[in-house]
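Asks: Attaching a single structure in structure tokens format; questions to follow.
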Amino acid sequence: MSWEVVIGLETHAQLSTVSKIFSGASTAFGAAPNTQASAIDIALPGVLPVLNRGAVERAIRFGLAVGATINRRSVFARKNYFYPDLPKGYQISQYEIPVVQGGALTIATDAGEKTVRLTRAHLEEDAGKSLHEGLPEGLTDVSGIDLNRAGTPLLEIVSEPDMRSSAEAVAYARKLHALVMWIGICDGNMQEGSFRCDANVSVRRAGEPLGTRCEIKNLNSFRFLQQAIDYEVRRQIELIEDGGSVVQETRLYDPDRNETRPMRSKEDAQDYRYFRDPDLPPLTLDDAWIERVHAAMPELPEAMRARLVAQHGITDYDAAQLTSSRALVDYYGAAAAALPAKDAAAHKLVANWVLGEFSAARNRSDVAVAAAPVPPAQLAGLLRRIADGTLSGKMAKEVFDALWAGEAAGDDDADAIIERRGLRQVSDTGAIEALVDQVIAANSATVAEFRAGKEKAFNSLVGQVMKASKGKANPAQVNDVLRRRLEA
Amino acid sequence: MKTIGQLSEALRLREVSSVELVQDALARIAVAQPRFNAFITVDADAALAAARDADAARARGEAGALTGIPIAHKDVLMTAGMRTTCGSRMLAEFVAPYDAHVVTRLRDAGTVLVGKTNMDEFAMGSSNESSYFGPARNPWNPAHIPGGSSGGSAAAIAAALVPGTTGTDTGGSIRQPAAMCGITGIKPTYGLCSRYGLVAFASSLDTPGVFARDALGCALLLDAMAGHDARDSTSLDRPPEDRSRALRESATAKPLAGLRIGLPREYFGDGVDAAVAGAIDTALGALRALGATTVDIGLPAVKHSVPVYYVIAPAEASSNLSRFDGVRYGHRAGHYTDLADMYCRSRAEGFGAEVKRRILVGTYVLSHGYYDAYYLKAQQVRRLIAQDFARAYRDCDVIVGPTAPTAAFPIGAKTDDPVQMYLNDIFTIAANLTGSPALSIPCGCTADGLPIGLQIQGNHFEEARILNVAHRFQQATDWHLRTPPGVESAVRKGGP
């Protein structure tokens with residue numbers, strides 16, 4: 001009996017505004033506890049919220065980017081519950097009428113591209129943090145409350161239950177993560193909690209109605225997202241196959257034990273007593289504002305991908321890879337711009353190197369694009385020497401490794417390394433002919449084998465020529481000259 | 001006791017200084033406090049310092065109409081450095097680091113703050129009996145309530161302690177105590193005065209307003225207090241108005257000629273005390289004599305205003321008061337076992353019975369499964385009431401009737417029957433549900449010598465009009481100038 005997995009994600013993206021959603025306090029991460037909490041954030045008696053237009057503008061940007069409906073009128077509500085890091089005793093959120101409704105994201109799966117529908121995206125405020133360790137000396141047996149995060153703007157993005165595997169869920173989360181950074185509404189820093197997911201997971205036998213779901217809270221890495229879903233799917237299937245049934249509940253993922261644990265059941269679910277916040281009039285958006293946001297939108301990944309294929313002549317696969325990240329495609333663009341040649345061959349060369357050596361090196365050293373030791377102009381300097389035949393592919397890799405290791409600094413430093421290491425490729429026809437003749441003369445047996453029809457012998461002769469040139473001969477030229485000589 | 005207009009003139013002519021006025025007020029308060037309990041906090045040093053500043057400003061030629069006038073704020077408005085208790089044990093020691101917008105506005109206008117007035121706990125009540133600091137008492141008869149929730153603010157003026165005070169009106173909390181204490185009080189249009197720094201009871205209804213002896217005093221205070229505040233998203237951005245200008249124009253023989261007064265059938269039926277009905281009838285005669293005509297109108301949905309109010313207001317209150325959890329400020333229980341226990345004990349100890357009752361009711365009506373039947377339904381009826389008023393204002397310019405069905409009742413008379421207590425607000429609540437302005441002026445008294453209030457309601461932003469009607473009535477009558485027996489003789493001689 002085959003099982004189908006059904007997953008929907010709720011993602012909280014902290015919006016990259018300078019100040020909080022309802023107060024003027026800073027949203028910067030990492031300040032000393034409670035130094036970025038205003039009278040409004042700590043909910044002194046008598047204070048009132050005022051909506052940050054920057055947060056609204058970012059929500060509109062998101063809605064436009066995913067092809068959603070931007071509601072011209074949306075409403076803020078109060079979600080009431082008691083918790084020490086929730087200063088007002090309620091969270092201001094959007095409930096019945098969110099600012100963004102619908103929309104979709106396209107993700108790549110093993111079976112090709114797939115559309116994941118979005119239910120909605122709404123604005124709300126983040127809570128503070130409860131601190132149970134790292135408190136000042138002498139404070140034992142207490143919890144600390146840090147309200148710096150309280151009131152940080154969040155966009156909660158809710159998907160439909162359209163994903164069918166943990167891999168699809170991760171693909172969706174990565175795509176969403178790249179998009180919110182691409183359009184500049186979220187810094188995407190998952191370690192700092194700027195982008196975190198809740199996963200709703202259920203299983204069913206093929207063709208049956210939806211199973212009972214469990215919600216796994218606060219997954220702040222793609223790896224945890226995948227592991228948590230995989231564990232939860234196994235748990236639910238085993239439970240059902242053993243004759244049990246899944247209970248609707250909220251669960252927490254423990255990465256140390258790689259398991260999910262119950263947090264609260266549906267019976268314990270709080271009654272949040274939502275009602276319209278009387279302190280905030282409905283949020284009304286006029287077409288002019290939406291049009292201004294639209295006009296200022298950057299080119300979206302899908303559009304850029306198509307444009308790179310059409311204008312740069314690179315493959316759709318490469319274009320998709322490059323546009324998976326704003327930083328990566330910007331790097332590609334800067335490197336391509338620094339190359340004198342603007343034809344498809346030049347762009348393909350850049351794409352190959354950015355997605356190949358550059359990405360591999362980045363993964364090995366685990367550095368972000370922006371922090372990579374080889375800036376785009378420096379890479380372009382290297383690629384120029386490949387294009388003009390100075391460097392063979394093997395030499396180019398050596399130069400790249402030297403650049404990555406910080407052996408030189410500056411845009412022309414590929415040339416400096418080429419000089420220092422004497423890596424100039426031999427493309428002089430006379431010199432190559434001399435080497436070829438030398439090898440033919442010294443390897444009569446191999447030459448005879450080739451002439452008897454053994455093609456492999458040809459490769460051996462090429463290798464001999466390259467060896468004789470200490471690897472500096474232009475391999476393509478060696479091929480040409482050798483074949484001409486042998487067939488003469 | 002002189003009116004704000006008279007004191008303003010005396011200050012302008014240097015017949016008296018602000019320091020003298022404040023010294024006099026402090027002396028009166030010292031004598032009256034044991035009898036009326038109108039104040040929760042008095043800060044003599046700060047008041048005298050502010051009075052000296054006001055006199056200095058006047059000497060520099062920088063005085064306005066209110067410069068140097070002593071006032072008091074209802075203890076629900078935040079005052080930087082002076083504690084703000086909301087009449088509650090929860091905030092008994094709370095000192096805010098900031099001023100409410102209206103407090104700033106009135107300070108900027110030159111008024112001198114002498115202290116904070118008593119009130120029902122968190123403004124929940126119609127009698128001032130729910131104050132943690134004990135009930136304020138009615139200067140006309142200390143065995144009776146002064147009304148509520150702004151009872152201390154009204155009593156302070158009736159007892160001639162200060163000439164002007166602020167209040168807040170969520171369901172009648174300015175107008176009803178004004179009526180009970182025989183003074184003038186106005187609740188302006190919702191949004192005209194900022195709620196920033198007003199500790200929220202029911203956010204969609206809470207309205208800062210003012211008390212004075214007469215309509216002119218209210219107009220002067222209101223002009224100073226009203227104004228847009230970017231920190232309150234429900235604050236309205238309107239051009240400033242001079243609401244006292246029309247009042248200062250000299251009276252003609254028929255100053256109210258052309259004015260159509262609507263008399264809602266619903267305000268003149270059973271349940272209105274005979275003495276109240278008689279006084280209102282006499283007042284209507286006076287208004288007609290000033291040139292006004294009267295027209296019967298119907299406000300059929302208004303009969304639902306008390307139940308609608310007692311769903312919406314507690315619902316909002318249950319959420320607004322959640323911040324008082326003992327975590328960051330306010331009362332925290334001395335002993336508790338865990339977080340939930342700390343919440344329960346802190347709130348159980350910090351809140352009084354009426355506040356608890358409303359939190360419970362509000363929590364209930366917002367609960368899953370009850371929201372539609374109560375909260376949503378109440379909001380629908382609220383719109384019907386607003387439609388009633390909109391329709392009525394096609395046929396009339398102002399709506400007049402009794403402020404409350406009875407005069408002040410004895411302290412303790414209704415504490416065991418919350419519904420009877422709530423019915424006291426039957427005529428005042430509608431103006432909060434619609435957000436329109438309304439005021440109360442004294443128009444008579446009962447055989448026992450307790451004041452009776454006349455309510456004048458107007459359409460949105462028609463404060464100037466209803467103040468003018470009140471002013472012309474006060475020019476033709478002297479109810480607003482009467483003082484309770486013993487009040488003037490109880491204070492030291494030689495003051496203004």
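Following the order of the structure tokens, chains are lettered A, B, ..., residues in each are numbered from 1, and ligands are numbered from 1.
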Got a sec: who's within 12 Å of Phe450 of chain A, counting only C-alpha atoms, leaving out chain neighbours fewer than 3 positions off, as a ChimeraX atom specification?
Replies: /A:440,443-447,453-462,482-483,486-487
Asks: Tell me which protein, DNA and RNA residues are within 6 Å of segment 55-67 of chain B, counting only C-alpha atoms, leaving out same-chain ones fewer than 3 positions away, and put them as a ChimeraX atom specification.
Replies: /B:8,18,52,110-111
Asks: With a distance cut-off of 9 Å and only C-alpha atoms, select the neighbouring residues of Asp318 of chain A, excluding the residue or stretch itself and same-chain residues fewer than 4 positions from it, and output the selection as a ChimeraX atom specification.
Replies: /A:305,309,314,322-323,348,351-352,355
Asks: Tell me as a VMD selection string which residues belonging to chain B come within 7 Å of chain A, counting only C-alpha atoms.
Replies: chain B and resid 196 to 200 203 to 204 231 to 234 319 322 to 323 327 366 to 368
Asks: One decimal, Å: what's the distance from atom CA of Phe133 of chain B over to atom CA of Gly182 of chain B, could you say?
Replies: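 Answer for the atom CA of Phe133 of chain B to atom CA of Gly182 of chain B separation: 23.3 Å.
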Asks: Among segment 72-302 of chain B, which ones does DSSP assign to alpha helix (DSSP H) (computed from the backbone)? Answer as JSON, numbers by chain.
Replies: {"B": [101, 102, 103, 104, 105, 106, 107, 108, 151, 152, 153, 154, 155, 156, 157, 158, 175, 176, 177, 178, 179, 180, 181, 215, 216, 217, 218, 219, 220, 221, 222, 223, 224, 225, 245, 246, 247, 248, 274, 275, 276, 277, 278, 279, 280, 281, 282, 283, 284, 285, 286, 287, 288, 289]}
Asks: For the residues selected in the previous step, produce a file with N, CA and C atoms as a compact mmCIF listing (two decimals), in the first residue's frame.
Replies:
# COMPACT_ATOMS: atom_id res chain seq x y z
N HIS B 101 -1.19 62.82 25.41
CA HIS B 101 -1.22 63.94 24.45
C HIS B 101 -2.07 65.09 24.97
N VAL B 102 -3.24 64.77 25.54
CA VAL B 102 -4.10 65.85 26.02
C VAL B 102 -3.48 66.56 27.22
N VAL B 103 -2.70 65.83 28.00
CA VAL B 103 -2.01 66.45 29.14
C VAL B 103 -0.97 67.45 28.62
N THR B 104 -0.23 67.03 27.61
CA THR B 104 0.75 67.92 26.99
C THR B 104 0.07 69.16 26.41
N ARG B 105 -1.03 68.92 25.70
CA ARG B 105 -1.74 70.05 25.05
C ARG B 105 -2.19 71.07 26.10
N LEU B 106 -2.76 70.59 27.20
CA LEU B 106 -3.26 71.53 28.21
C LEU B 106 -2.11 72.21 28.95
N ARG B 107 -0.98 71.50 29.12
CA ARG B 107 0.18 72.15 29.73
C ARG B 107 0.71 73.23 28.79
N ASP B 108 0.80 72.87 27.49
CA ASP B 108 1.29 73.85 26.51
C ASP B 108 0.40 75.10 26.48
N GLY B 151 -15.90 60.61 38.55
CA GLY B 151 -16.57 61.22 39.70
C GLY B 151 -15.72 62.27 40.39
N GLY B 152 -14.43 62.00 40.55
CA GLY B 152 -13.56 62.95 41.25
C GLY B 152 -13.43 64.25 40.48
N SER B 153 -13.35 64.15 39.15
CA SER B 153 -13.22 65.36 38.33
C SER B 153 -14.44 66.25 38.44
N ALA B 154 -15.63 65.62 38.52
CA ALA B 154 -16.86 66.39 38.64
C ALA B 154 -16.99 66.97 40.05
N ALA B 155 -16.68 66.14 41.05
CA ALA B 155 -16.80 66.60 42.44
C ALA B 155 -15.84 67.74 42.71
N ALA B 156 -14.64 67.69 42.09
CA ALA B 156 -13.64 68.73 42.33
C ALA B 156 -14.15 70.10 41.88
N ILE B 157 -14.94 70.12 40.82
CA ILE B 157 -15.47 71.41 40.36
C ILE B 157 -16.68 71.82 41.20
N ALA B 158 -17.56 70.86 41.47
CA ALA B 158 -18.74 71.18 42.29
C ALA B 158 -18.31 71.69 43.66
N ARG B 175 -20.56 62.93 31.21
CA ARG B 175 -21.86 63.60 31.28
C ARG B 175 -22.66 63.22 32.52
N GLN B 176 -22.61 61.92 32.89
CA GLN B 176 -23.40 61.49 34.05
C GLN B 176 -22.88 62.12 35.35
N PRO B 177 -21.57 62.11 35.64
CA PRO B 177 -21.12 62.82 36.85
C PRO B 177 -21.32 64.33 36.76
N ALA B 178 -21.24 64.92 35.56
CA ALA B 178 -21.53 66.34 35.44
C ALA B 178 -22.96 66.61 35.89
N ALA B 179 -23.87 65.74 35.45
CA ALA B 179 -25.28 65.89 35.84
C ALA B 179 -25.44 65.72 37.35
N MET B 180 -24.80 64.69 37.91
CA MET B 180 -24.94 64.40 39.34
C MET B 180 -24.37 65.51 40.20
N CYS B 181 -23.33 66.18 39.71
CA CYS B 181 -22.65 67.20 40.51
C CYS B 181 -23.06 68.62 40.13
N ALA B 215 -20.35 76.36 30.03
CA ALA B 215 -20.04 75.92 28.67
C ALA B 215 -18.82 76.66 28.13
N LEU B 216 -18.69 77.95 28.47
CA LEU B 216 -17.55 78.71 27.97
C LEU B 216 -16.23 78.11 28.47
N GLY B 217 -16.21 77.74 29.74
CA GLY B 217 -15.01 77.11 30.29
C GLY B 217 -14.68 75.80 29.56
N CYS B 218 -15.73 75.02 29.29
CA CYS B 218 -15.51 73.77 28.55
C CYS B 218 -14.96 74.05 27.16
N ALA B 219 -15.50 75.09 26.52
CA ALA B 219 -15.04 75.43 25.16
C ALA B 219 -13.57 75.81 25.17
N LEU B 220 -13.16 76.59 26.16
CA LEU B 220 -11.76 77.01 26.23
C LEU B 220 -10.85 75.81 26.45
N LEU B 221 -11.24 74.93 27.37
CA LEU B 221 -10.41 73.74 27.64
C LEU B 221 -10.37 72.81 26.43
N LEU B 222 -11.53 72.64 25.80
CA LEU B 222 -11.61 71.72 24.66
C LEU B 222 -10.76 72.23 23.49
N ASP B 223 -10.82 73.51 23.22
CA ASP B 223 -10.00 74.08 22.14
C ASP B 223 -8.52 73.80 22.37
N ALA B 224 -8.12 73.89 23.65
CA ALA B 224 -6.70 73.67 23.95
C ALA B 224 -6.34 72.19 23.84
N MET B 225 -7.28 71.35 24.13
CA MET B 225 -7.01 69.92 24.24
C MET B 225 -7.12 69.19 22.90
N ARG B 245 -15.65 81.31 20.31
CA ARG B 245 -15.89 82.60 19.66
C ARG B 245 -17.38 82.93 19.63
N ALA B 246 -18.17 81.96 19.13
CA ALA B 246 -19.62 82.21 19.03
C ALA B 246 -20.21 82.47 20.41
N LEU B 247 -19.60 81.84 21.42
CA LEU B 247 -20.14 82.00 22.77
C LEU B 247 -19.88 83.40 23.31
N ARG B 248 -18.83 84.03 22.82
CA ARG B 248 -18.49 85.35 23.34
C ARG B 248 -19.28 86.46 22.65
N ALA B 274 -39.68 61.56 38.17
CA ALA B 274 -40.61 62.68 37.94
C ALA B 274 -39.93 64.03 38.10
N ALA B 275 -39.07 64.14 39.08
CA ALA B 275 -38.37 65.42 39.30
C ALA B 275 -37.48 65.73 38.11
N VAL B 276 -36.83 64.67 37.58
CA VAL B 276 -35.96 64.85 36.41
C VAL B 276 -36.81 65.29 35.22
N ALA B 277 -37.92 64.58 34.99
CA ALA B 277 -38.78 64.91 33.86
C ALA B 277 -39.28 66.34 33.97
N GLY B 278 -39.64 66.75 35.17
CA GLY B 278 -40.13 68.11 35.37
C GLY B 278 -39.07 69.15 35.06
N ALA B 279 -37.85 68.89 35.52
CA ALA B 279 -36.76 69.85 35.29
C ALA B 279 -36.44 69.95 33.80
N ILE B 280 -36.47 68.82 33.11
CA ILE B 280 -36.18 68.83 31.67
C ILE B 280 -37.25 69.64 30.95
N ASP B 281 -38.50 69.42 31.38
CA ASP B 281 -39.61 70.13 30.76
C ASP B 281 -39.45 71.64 30.93
N THR B 282 -39.07 72.06 32.11
CA THR B 282 -38.85 73.49 32.38
C THR B 282 -37.70 74.02 31.52
N ALA B 283 -36.63 73.19 31.41
CA ALA B 283 -35.48 73.62 30.60
C ALA B 283 -35.88 73.78 29.14
N LEU B 284 -36.72 72.85 28.65
CA LEU B 284 -37.16 72.96 27.26
C LEU B 284 -37.94 74.25 27.05
N GLY B 285 -38.73 74.63 28.06
CA GLY B 285 -39.45 75.89 27.99
C GLY B 285 -38.48 77.06 27.84
N ALA B 286 -37.41 77.00 28.61
CA ALA B 286 -36.41 78.08 28.55
C ALA B 286 -35.77 78.13 27.17
N LEU B 287 -35.47 76.94 26.62
CA LEU B 287 -34.84 76.89 25.29
C LEU B 287 -35.77 77.44 24.21
N ARG B 288 -37.07 77.12 24.34
CA ARG B 288 -38.04 77.65 23.37
C ARG B 288 -38.12 79.17 23.51
N ALA B 289 -38.04 79.63 24.73
CA ALA B 289 -38.10 81.08 24.95
C ALA B 289 -36.92 81.78 24.30
Asks: Would you give me, as an MDAnalysis selection string, the residues in segment 174-353 of chain B that DSSP reads as strand (DSSP E or B)?
Replies: chainID B and resid 184:187 198 207:212 260:264 293:297
